[in-house]
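**Student:** My file is data-v2.txt. It has compact mmCIF, C-alpha atoms and all ligand atoms:
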```txt
# COMPACT_ATOMS: atom_id res chain seq x y z
CA MET A 1 -12.97 1.71 -18.95
CA ARG A 2 -13.78 5.30 -19.83
CA PHE A 3 -10.84 5.92 -22.15
CA GLU A 4 -10.83 9.18 -24.05
CA THR A 5 -8.54 9.48 -27.07
CA PRO A 6 -5.04 10.01 -25.71
CA ASP A 7 -2.49 11.54 -28.02
CA LYS A 8 -0.25 8.92 -29.57
CA ALA A 9 3.07 10.25 -28.22
CA ALA A 10 1.72 10.22 -24.66
CA ALA A 11 0.37 6.72 -25.16
CA ASP A 12 3.72 5.46 -26.54
CA GLN A 13 5.68 6.98 -23.66
CA ALA A 14 3.20 5.58 -21.15
CA ARG A 15 3.62 2.09 -22.56
CA HIS A 16 7.40 2.47 -22.42
CA LEU A 17 7.35 3.50 -18.75
CA GLY A 18 4.62 1.13 -17.65
CA ASP A 19 2.40 4.14 -16.92
CA VAL A 20 -1.30 4.14 -17.69
CA ILE A 21 -3.34 6.60 -19.70
CA SER A 22 -5.79 8.53 -17.56
CA PRO A 23 -9.42 7.81 -18.36
CA ILE A 24 -10.13 11.44 -17.39
CA SER A 25 -7.36 13.55 -18.89
CA GLY A 26 -6.01 11.17 -21.52
CA GLY A 27 -2.47 11.91 -20.24
CA ARG A 28 0.17 9.55 -18.81
CA VAL A 29 -0.41 8.81 -15.16
CA PRO A 30 1.76 7.00 -12.63
CA ARG A 31 0.89 3.43 -11.70
CA HIS A 32 1.92 4.07 -8.11
CA VAL A 33 1.57 7.33 -6.19
CA ALA A 34 2.95 7.75 -2.67
CA ILE A 35 1.93 10.67 -0.47
CA ILE A 36 3.44 12.44 2.54
CA MET A 37 0.28 13.91 4.07
CA ASP A 38 1.75 16.98 5.79
CA GLY A 39 0.20 20.16 7.12
CA ASN A 40 -2.68 18.85 9.24
CA GLY A 41 -1.46 20.69 12.33
CA ARG A 42 -1.06 24.03 10.54
CA TRP A 43 -4.43 23.59 8.83
CA ALA A 44 -6.02 23.27 12.28
CA THR A 45 -4.03 26.08 13.91
CA GLN A 46 -5.00 28.42 11.08
CA ARG A 47 -8.63 27.79 12.02
CA GLY A 48 -8.11 28.10 15.79
CA LEU A 49 -8.71 24.35 16.20
CA PRO A 50 -6.69 21.74 18.11
CA ARG A 51 -4.12 19.82 16.02
CA ALA A 52 -6.16 16.64 16.38
CA ALA A 53 -8.94 18.32 14.38
CA GLY A 54 -6.45 18.71 11.53
CA HIS A 55 -5.61 15.01 11.67
CA ARG A 56 -9.31 14.19 11.61
CA ALA A 57 -9.89 16.40 8.57
CA GLY A 58 -6.80 14.82 7.00
CA THR A 59 -8.17 11.34 7.56
CA GLU A 60 -11.46 12.30 5.95
CA ASN A 61 -9.56 13.61 2.96
CA ILE A 62 -8.11 10.17 2.25
CA ARG A 63 -11.40 8.93 0.82
CA ARG A 64 -11.77 11.69 -1.78
CA VAL A 65 -8.11 11.38 -2.74
CA ILE A 66 -8.52 7.63 -3.30
CA GLU A 67 -11.56 8.32 -5.49
CA ARG A 68 -9.79 10.87 -7.64
CA PHE A 69 -6.60 8.87 -8.18
CA SER A 70 -8.69 5.82 -8.88
CA ASP A 71 -10.72 7.74 -11.48
CA HIS A 72 -7.44 8.60 -13.19
CA GLY A 73 -6.45 4.93 -13.31
CA VAL A 74 -3.70 4.95 -10.65
CA GLU A 75 -3.21 1.36 -9.44
CA TYR A 76 -1.44 1.83 -6.09
CA LEU A 77 -1.66 4.57 -3.51
CA THR A 78 0.67 4.60 -0.50
CA VAL A 79 -0.04 7.09 2.28
CA TYR A 80 2.31 8.05 5.10
CA ALA A 81 0.00 8.26 8.12
CA PHE A 82 2.41 7.86 11.04
CA SER A 83 6.19 7.55 11.03
CA THR A 84 8.51 5.75 13.42
CA GLU A 85 9.61 9.25 14.51
CA ASN A 86 6.01 10.40 15.17
CA TRP A 87 5.98 8.24 18.34
CA SER A 88 8.00 11.08 19.93
CA ARG A 89 5.08 13.54 19.62
CA PRO A 90 3.11 14.42 22.77
CA ARG A 91 1.13 11.37 23.92
CA PRO A 92 -2.32 12.98 23.45
CA GLU A 93 -1.52 13.66 19.77
CA VAL A 94 -0.16 10.14 19.27
CA ASN A 95 -3.32 8.73 20.85
CA ALA A 96 -5.50 10.92 18.64
CA ILE A 97 -3.79 9.61 15.47
CA ILE A 98 -4.04 6.00 16.68
CA ARG A 99 -7.77 6.51 17.27
CA LEU A 100 -8.06 7.90 13.75
CA LEU A 101 -6.62 4.72 12.29
CA ASP A 102 -9.38 2.84 14.11
CA ARG A 103 -12.01 5.33 12.95
CA PHE A 104 -10.78 5.16 9.37
CA LEU A 105 -11.04 1.37 9.34
CA ARG A 106 -14.45 1.34 11.02
CA ARG A 107 -15.92 3.96 8.69
CA GLU A 108 -14.24 3.08 5.43
CA LEU A 109 -13.58 -0.65 5.36
CA GLU A 110 -16.90 -1.70 3.85
CA ASN A 111 -16.70 1.04 1.27
CA LEU A 112 -13.11 0.12 0.38
CA ASP A 113 -14.04 -3.53 0.09
CA GLN A 114 -17.10 -2.83 -2.08
CA ASN A 115 -14.89 -0.77 -4.38
CA ASN A 116 -12.54 -3.72 -4.80
CA ILE A 117 -9.71 -1.91 -2.99
CA ARG A 118 -6.99 -4.02 -1.42
CA LEU A 119 -5.56 -2.74 1.83
CA ARG A 120 -2.01 -3.35 3.00
CA HIS A 121 -0.11 -2.07 6.02
CA PHE A 122 3.54 -1.00 5.88
CA GLY A 123 5.33 -0.71 9.22
CA HIS A 124 5.46 -2.22 12.67
CA ILE A 125 2.07 -3.23 13.95
CA GLU A 126 3.36 -4.44 17.35
CA PRO A 127 3.42 -1.06 19.18
CA LEU A 128 -0.32 -0.62 18.50
CA PRO A 129 -2.88 -1.78 21.06
CA GLY A 130 -3.85 -5.44 20.58
CA TRP A 131 -7.46 -4.69 19.56
CA LEU A 132 -6.22 -2.33 16.83
CA GLN A 133 -3.65 -4.81 15.55
CA GLU A 134 -6.52 -7.23 15.18
CA ARG A 135 -8.65 -4.68 13.33
CA VAL A 136 -5.79 -3.93 10.93
CA GLU A 137 -5.13 -7.62 10.32
CA ASN A 138 -8.83 -8.30 9.73
CA ALA A 139 -9.08 -5.41 7.26
CA ILE A 140 -6.07 -6.72 5.34
CA ALA A 141 -7.54 -10.23 5.29
CA GLN A 142 -11.00 -9.02 4.25
CA THR A 143 -9.65 -7.17 1.21
CA ALA A 144 -6.84 -9.58 0.32
CA ASP A 145 -8.58 -10.95 -2.77
CA ASN A 146 -9.59 -7.57 -4.15
CA THR A 147 -8.09 -6.75 -7.50
CA GLY A 148 -8.70 -3.01 -7.80
CA LEU A 149 -6.62 -0.16 -6.39
CA GLY A 150 -4.01 -1.16 -3.81
CA LEU A 151 -4.10 1.14 -0.77
CA ASN A 152 -1.01 0.92 1.41
CA ILE A 153 -1.19 2.63 4.79
CA CYS A 154 2.17 3.39 6.33
CA PHE A 155 1.60 3.49 10.06
CA SER A 156 4.52 3.27 12.47
CA TYR A 157 6.63 3.14 9.32
CA GLY A 158 10.14 4.40 8.57
CA GLY A 159 12.18 3.91 5.43
CA ARG A 160 15.34 3.08 7.36
CA ASP A 161 13.43 0.71 9.58
CA ASP A 162 11.98 -0.95 6.46
CA LEU A 163 15.57 -1.65 5.34
CA VAL A 164 16.71 -2.82 8.77
CA THR A 165 13.75 -5.20 8.94
CA ALA A 166 14.53 -6.53 5.45
CA VAL A 167 18.18 -7.13 6.37
CA LYS A 168 17.13 -9.01 9.50
CA ARG A 169 14.81 -11.15 7.38
CA LEU A 170 17.49 -12.02 4.87
CA VAL A 171 19.89 -12.98 7.64
CA GLU A 172 17.14 -15.14 9.18
CA ASP A 173 16.59 -16.68 5.75
CA GLY A 174 20.29 -17.61 5.67
CA ILE A 175 21.00 -15.81 2.38
CA PRO A 176 24.76 -15.83 1.67
CA ALA A 177 26.45 -12.56 0.64
CA SER A 178 27.12 -13.90 -2.84
CA GLU A 179 23.37 -14.17 -3.47
CA ILE A 180 22.41 -10.71 -2.28
CA ASP A 181 21.20 -8.45 -5.05
CA GLU A 182 18.52 -5.76 -5.28
CA SER A 183 15.69 -8.22 -5.73
CA VAL A 184 16.67 -10.14 -2.59
CA ILE A 185 16.24 -6.91 -0.63
CA SER A 186 13.09 -5.67 -2.45
CA GLU A 187 11.37 -8.97 -1.78
CA ARG A 188 11.78 -8.42 1.97
CA LEU A 189 10.51 -4.85 2.17
CA TYR A 190 6.92 -4.08 3.14
CA SER A 191 6.32 -3.22 -0.52
CA ALA A 192 7.39 -6.68 -1.76
CA GLY A 193 5.79 -7.49 -5.09
CA LEU A 194 4.59 -3.93 -5.76
CA PRO A 195 6.02 -1.53 -8.33
CA ASP A 196 8.11 1.35 -6.96
CA PRO A 197 6.28 4.67 -6.63
CA ASP A 198 6.43 6.64 -9.86
CA LEU A 199 5.36 9.82 -8.14
CA VAL A 200 5.83 11.00 -4.55
CA ILE A 201 3.69 13.93 -3.46
CA ARG A 202 4.34 15.95 -0.33
CA THR A 203 1.79 18.48 0.83
CA GLY A 204 2.39 21.23 3.41
CA GLY A 205 5.22 23.16 1.74
CA ASP A 206 8.31 21.35 3.06
CA MET A 207 10.66 19.76 0.55
CA ARG A 208 12.09 16.67 2.13
CA VAL A 209 11.54 12.93 2.11
CA SER A 210 11.32 12.40 5.89
CA ASN A 211 12.32 8.73 5.99
CA PHE A 212 9.58 7.67 3.56
CA LEU A 213 10.13 4.68 1.24
CA LEU A 214 13.85 5.43 0.94
CA TRP A 215 14.70 2.37 -1.15
CA GLN A 216 11.55 2.43 -3.26
CA CYS A 217 11.83 6.14 -4.18
CA ALA A 218 15.19 5.82 -5.89
CA TYR A 219 13.76 6.99 -9.23
CA SER A 220 10.43 8.47 -8.21
CA GLU A 221 9.40 11.86 -9.47
CA LEU A 222 9.00 14.25 -6.53
CA TYR A 223 6.19 16.79 -6.35
CA PHE A 224 5.81 19.37 -3.59
CA THR A 225 2.82 21.59 -2.97
CA ASP A 226 2.07 24.27 -0.38
CA SER A 227 -1.50 22.97 0.10
CA TYR A 228 -2.10 21.53 3.53
CA TRP A 229 -3.18 17.90 3.41
CA PRO A 230 -6.85 18.43 4.42
CA ASP A 231 -7.15 20.94 1.53
CA PHE A 232 -5.48 18.72 -1.06
CA GLY A 233 -8.38 17.90 -3.36
CA ARG A 234 -9.41 16.95 -6.87
CA GLU A 235 -7.97 20.01 -8.55
CA ASP A 236 -4.62 19.64 -6.76
CA ILE A 237 -4.49 16.01 -7.86
CA ASP A 238 -5.18 16.92 -11.45
CA ILE A 239 -2.43 19.56 -11.33
CA ALA A 240 0.06 17.10 -9.80
CA LEU A 241 -0.74 14.49 -12.44
CA ALA A 242 -0.46 17.02 -15.24
CA GLU A 243 3.00 17.94 -13.90
CA TYR A 244 3.96 14.27 -13.75
CA GLY A 245 2.84 13.91 -17.36
CA ARG A 246 5.36 16.60 -18.36
CA ARG A 247 8.32 15.02 -16.56
CA LYS A 248 10.93 13.20 -18.62
CA ARG A 249 11.95 10.07 -16.79
CA ARG A 250 15.40 8.77 -17.61
CA PHE A 251 16.19 6.35 -14.75
CA GLY A 252 19.85 7.33 -14.91
CA GLY A 253 20.03 6.82 -18.68
CA LEU A 254 20.04 9.47 -21.37
CA GLY A 255 16.39 9.23 -22.29
CA ASP A 256 14.96 9.56 -25.77
CA GLU A 257 16.97 12.71 -26.62
CA SER A 258 20.08 10.53 -27.07
CA LYS A 259 18.61 8.72 -30.06
C1 LIG A 301 1.55 15.48 9.27
O1 LIG A 301 0.96 16.68 9.65
C2 LIG A 301 0.63 14.43 9.47
C3 LIG A 301 0.77 13.43 10.37
C4 LIG A 301 1.92 13.26 11.26
C5 LIG A 301 -0.28 12.45 10.54
C6 LIG A 301 -1.06 12.18 9.30
C7 LIG A 301 -2.22 11.45 9.73
C8 LIG A 301 -3.40 11.43 9.12
C9 LIG A 301 -3.73 12.11 7.85
C10 LIG A 301 -4.47 10.69 9.76
C11 LIG A 301 -4.17 9.26 9.95
C12 LIG A 301 -4.60 8.48 8.78
C13 LIG A 301 -5.00 7.24 8.90
C14 LIG A 301 -5.38 6.43 7.74
C15 LIG A 301 -5.07 6.68 10.20
P1 LIG A 301 1.63 17.51 10.82
O2 LIG A 301 0.96 17.16 12.08
O3 LIG A 301 3.11 17.30 10.83
O4 LIG A 301 1.25 18.94 10.35
P2 LIG A 301 2.12 20.26 10.58
O5 LIG A 301 3.40 20.06 9.80
O6 LIG A 301 1.25 21.32 10.02
O7 LIG A 301 2.36 20.38 12.05
```
Just give me the structure as structure tokens.
Ligand code: FPP
**Tutor:**
Amino acid sequence: MRFETPDKAAADQARHLGDVISPISGGRVPRHVAIIMDGNGRWATQRGLPRAAGHRAGTENIRRVIERFSDHGVEYLTVYAFSTENWSRPRPEVNAIIRLLDRFLRRELENLDQNNIRLRHFGHIEPLPGWLQERVENAIAQTADNTGLGLNICFSYGGRDDLVTAVKRLVEDGIPASEIDESVISERLYSAGLPDPDLVIRTGGDMRVSNFLLWQCAYSELYFTDSYWPDFGREDIDIALAEYGRRKRRFGGLGDESK
């Protein structure tokens, strides 16, 4: 690992929170970053291009974002590619985004695998065409033993739907009410076994959560930027992580000031 000398206070706080110390900046970085990739359409319109061109540029941006977060030592990256509500967009746009999922997997899978990245899918796979379901399942299987960065692609995903699906599973599992606690629910979400996001980033200027990881974001730090997703690059990532490093996380407690 390319650790530079982090300052001791940052290192102590990182240990306390379960954060890591960035090999690049030496600051605390989140273990898990989740991203609402917004602004593709406006990025394209600004350039006189069709919206689908914005989604294509946005898909290409995922690779460089993975690289930068990975360089910082982030362990999990969850990207919101297509929500349950996005099915209501005009069919040509929906089709274009579905094709981009295929293109992303075809172009990036070998590279992801060689970089020890483990792919997971959050959401309902069933509405996708059969051949694409198969491609997604194969990609997940191919990378299942990888131990590096965990890349979670939310596609046909909604936070409320995640909870509804978990509740259905626990009813199917015959769990009595007396045994239901937070872990019983967490274990049945798409994110089962993963740490909650420490940092949620939304590009594109809007400040809302849009049905993303509603349960998992209970104590996430939120970061909003005006950059459109295709423009969100290395420098923006470094700025977001620097901001995260300055946040005081209290998880509903009083934090260190109380001592
Ligand atoms: C929001 O921008 C973005 C989406 C609804 C789709 C995001 C999809 C990708 C980045 C590509 C798919 C990725 C994979 C891995 C398949 P918007 O269209 O709402 O932009 P706007 O707010 O400017 O209109």
**Student:** Please list as a PyMOL selection string every residue within 7 Å of region 135-148 of chain A, counting only C-alpha atoms and excluding residues in the same chain fewer than 2 positions away.
**Tutor:** chain A and resi 109+113+116-120+131-133+150
**Student:** Please identify all protein, DNA and RNA residues within 8 Å of ligand LIG 301 (chain A), counting only C-alpha atoms and all ligand atoms, and report them as a ChimeraX atom specification.
**Tutor:** /A:36-44,51,54-62,79-83,86,97-105,153,155,204,228-230
**Student:** Tell me, as a list in words, which residues lie within 12 Å of Ala192 (chain A), counting all atoms listed in the file; anything in the same chain fewer than 2 positions away does not count.
**Tutor:**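 After dropping sequence-adjacent residues, the list is Arg120, His121, Phe122, Asn152, Asp162, Leu163, Ala166, Glu182, Ser183, Val184, Ile185, Ser186, Glu187, Arg188, Leu189, Tyr190, Leu194, Pro195, Asp196, Trp215 and Gln216 of chain A.
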**Student:** Mind giving me the straight-line distance from CA of Pro50 (chain A) to CA of Asn111 (chain A) in Å, one decimal?
**Tutor:**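 Between CA of Pro50 (chain A) and CA of Asn111 (chain A) the gap works out to 28.5 Å.
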**Student:** So how many Å separate CA of Leu241 (chain A) and CA of Arg208 (chain A), to one decimal?
**Tutor:** 19.5 Å
**Student:** At a cut-off of 6 Å, using all atoms listed in the file, what residues contact region 70-78 of chain A? Leave out same-chain residues fewer than 6 positions from it and give the result as an NGL selection string.
**Tutor:** :A and (22-24 or 31-34 or 149-153)
**Student:** Using Å and a single decimal, report how far CA of Thr84 (chain A) sits from CA of Phe69 (chain A).
**Tutor:** 26.5 Å
**Student:** Counting only C-alpha atoms, which of A:Asp198, A:Glu235, A:Arg106, A:Asn115 gets nearest to Tyr219 (chain A)?
**Tutor:**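 Nearest to Tyr219 (chain A): A:Asp198.
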